[in-house]
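Structure first, commentary second.
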Amino acid sequence: QLEFSTASMRTVYVEWDHVVEVISSRVFEVITTDGGRYVGQLAAAGPGKLAVVIADGRTPVFEFRSIVRMRSIESVWWQRLSGGVSLGASYTQSSGIGQGTLNSYVTFRRPAFEVTTSFDSTVSIDNKEVSSSRTSFRTMFAKRLPNRWFLPGMARFERHPDLGFNLRSVLGGGIGRFLWQSSRGGFALGGGLAYDSEIPWSGDPVSNLDGFVSAGGAFVRHTSPETNLSFTAIGFPSLSDSGRFRFELNGALEHELINDFTIGLTLYHSYDNRPAYADALNSDVGVSLTVGWSF
């Protein structure tokens, strides 16, 4: 879809197969299916085609179907932000058990890189007392390289007493590549090394050097109302604690209700075959129905 913001008609969405030409004197970032990224003004190139006037004098021409994404390069930093927040809650009077969830993220994009910061929390209350809780704060960095390659970096801070730790800090980096990328989504694989430090529920702090293997994807149905499906999965085989393996899966399904308000479903699964605290659980799974807002 082409998203066109107006003063008198709000925002208009036009299907790509109904667009003949796109022309603009503003500077745009254009991303193509082969991983190419081009920054420049948009010029006419014939029906169903787009020309990008680059500052070095080149004017490459692309067919509409080869364009994955097209974004204007805003002059102030806060206009380069996108994100969302969603809330979920449930309560059963007979058991006295209630649960609340909060999921949020903010992404800052530049032509050469992007940074995403997320905060997720799940709290369960049993007879007016907090019986369990899970909190995570994560920052992901991706430096873009040619031919759909990228350099990922991550910083994660998590608390999950049910899995035996009060605080787990993870710093890591590696290399990844988009195996598939189109206007309807993408799928990427990555891997590298990570250092983690854990403060267990009981006992001395523990530090480990891990490898990591990750997979992530996003799929979008642009036809209004829009639907988004996304997931990330990451495994941490320990290099310094032979035989230990951790795995995390996070997923979200969102369906637009009106404007930028959504209803959705979130899922997480955490697994550790050898928790730092011996009496801790090996795994935890959570599913929540949420309402949210994106920008």
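A note on labels: chains of the structure tokens are A, B, ... as shown, every chain counts residues from 1, and ligands are counted from 1 in their shown order.
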
- Message: Report as a PyMOL selection string all protein, DNA and RNA residues lying within 7 Å of Asn250 in chain A, evaluated on only C-alpha atoms, omitting residues in the same chain fewer than 5 positions from it.
- Response: chain A and resi 231-233+267-269

Output file for the residues above (C-alpha atoms, as a short mmCIF file (atom, residue, chain, number, x, y, z; two decimals), in the first residue's frame):
data_model
loop_
_atom_site.label_atom_id
_atom_site.label_comp_id
_atom_site.auth_asym_id
_atom_site.auth_seq_id
_atom_site.Cartn_x
_atom_site.Cartn_y
_atom_site.Cartn_z
CA PHE A 231 7.91 -13.81 16.17
CA THR A 232 11.47 -14.14 17.46
CA ALA A 233 13.17 -17.33 18.67
CA LEU A 267 2.86 -15.54 23.48
CA TYR A 268 6.11 -16.25 25.29
CA HIS A 269 7.98 -19.45 26.13
#

- Item | For range 153-160 of chain A: contacts at 6 Å, only C-alpha atoms, fewer than 6 positions along chain excluded, given as a VMD selection string | chain A and resid 134 to 141 166 to 173

- Write out as a list in words which residues come within 7 Å of Arg177 in chain A when counting only C-alpha atoms, dropping same-chain ones fewer than 3 positions away.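 Once the nearby chain positions are removed, what remains is Arg148, Trp149, Phe150, Ala188, Leu189 and Gly190 of chain A.
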
- How would you write, as JSON, numbers by chain, the set of residues in range 83-286 of chain A that DSSP gives as strand (DSSP E)? {"A": [83, 84, 85, 86, 87, 88, 89, 90, 91, 92, 97, 98, 99, 100, 101, 102, 103, 104, 105, 106, 107, 108, 109, 113, 114, 115, 116, 117, 118, 119, 120, 121, 122, 123, 124, 125, 126, 129, 130, 131, 132, 133, 134, 135, 136, 137, 138, 139, 140, 141, 142, 143, 144, 149, 150, 151, 152, 153, 154, 155, 156, 157, 158, 159, 160, 165, 166, 167, 168, 169, 170, 171, 172, 173, 174, 175, 176, 177, 178, 179, 180, 181, 182, 185, 186, 187, 188, 189, 190, 191, 192, 193, 194, 195, 196, 197, 198, 199, 200, 206, 207, 208, 209, 210, 211, 212, 213, 214, 215, 216, 217, 218, 219, 220, 221, 227, 228, 229, 230, 231, 232, 233, 234, 235, 236, 237, 245, 246, 247, 248, 249, 250, 251, 252, 253, 254, 255, 256, 257, 258, 261, 262, 263, 264, 265, 266, 267, 268, 269, 270, 271, 272, 283, 284, 285, 286]}

- Message: So the first atom is CA of Ala280 in chain A and the second is CA of Gln99 in chain A; what is the distance between them in Å, to one decimal place?
- Response: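 Here the two named atoms are 20.8 Å from each other.
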
- Could you write out, as a PyMOL selection string, all the residues of range 40-112 of chain A that DSSP marks as helix (DSSP H, G or I)? chain A and resi 64-66+77-80

- Message: Taking only C-alpha atoms into account, name the residue in A:Leu50, A:Leu281, A:Leu209, A:Ala194 that is nearest to Leu163 in chain A.
- Response: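 Checking each candidate against Leu163 in chain A, we get A:Leu281 as the closest.
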
- Mind checking which residues fall within 12 Å of Ile54 in chain A, counting only C-alpha atoms, ignoring those fewer than 6 positions away in the same chain, and posting them as a list in words?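 Skipping anything fewer than 6 positions along the chain leaves Ser25, Arg26, Val27, Phe28, Glu29, Val30, Arg37, Tyr38, Val39, Gly40, Gln41, Leu42, Ala43, Pro60 and Val61 of chain A.
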
- Which residue out of A:Gly35, A:Gly164, A:Gly235, A:Gly46 has the minimum interatomic distance to Leu145 in chain A when only C-alpha atoms are used?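 Selected residue with least distance to Leu145 in chain A: A:Gly35.
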
- Task: Grab the CA of Tyr105 in chain A to CA of Trp293 in chain A distance for me, in Å with one decimal place.
- Result: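 Pair CA of Tyr105 in chain A / CA of Trp293 in chain A returns 11.0 Å.
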
- Message: Excluding Glu15 in chain A and its own-chain neighbours fewer than 6 positions away, which residues fall within 12 Å of it when counting only C-alpha atoms? Please give them as a ChimeraX atom specification.
- Response: /A:1-4,64-65,183,221-224

- Message: At a cut-off of 9 Å, using only C-alpha atoms, what residues contact Ala45 in chain A? Leave out same-chain residues fewer than 2 positions from it and give the result as a list in words.
- Response: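 Here the answer would be Glu21, Val22, Ala43, Pro47, Gly48, Lys49, Leu50, Ala51, Val61 and Phe62 of chain A.
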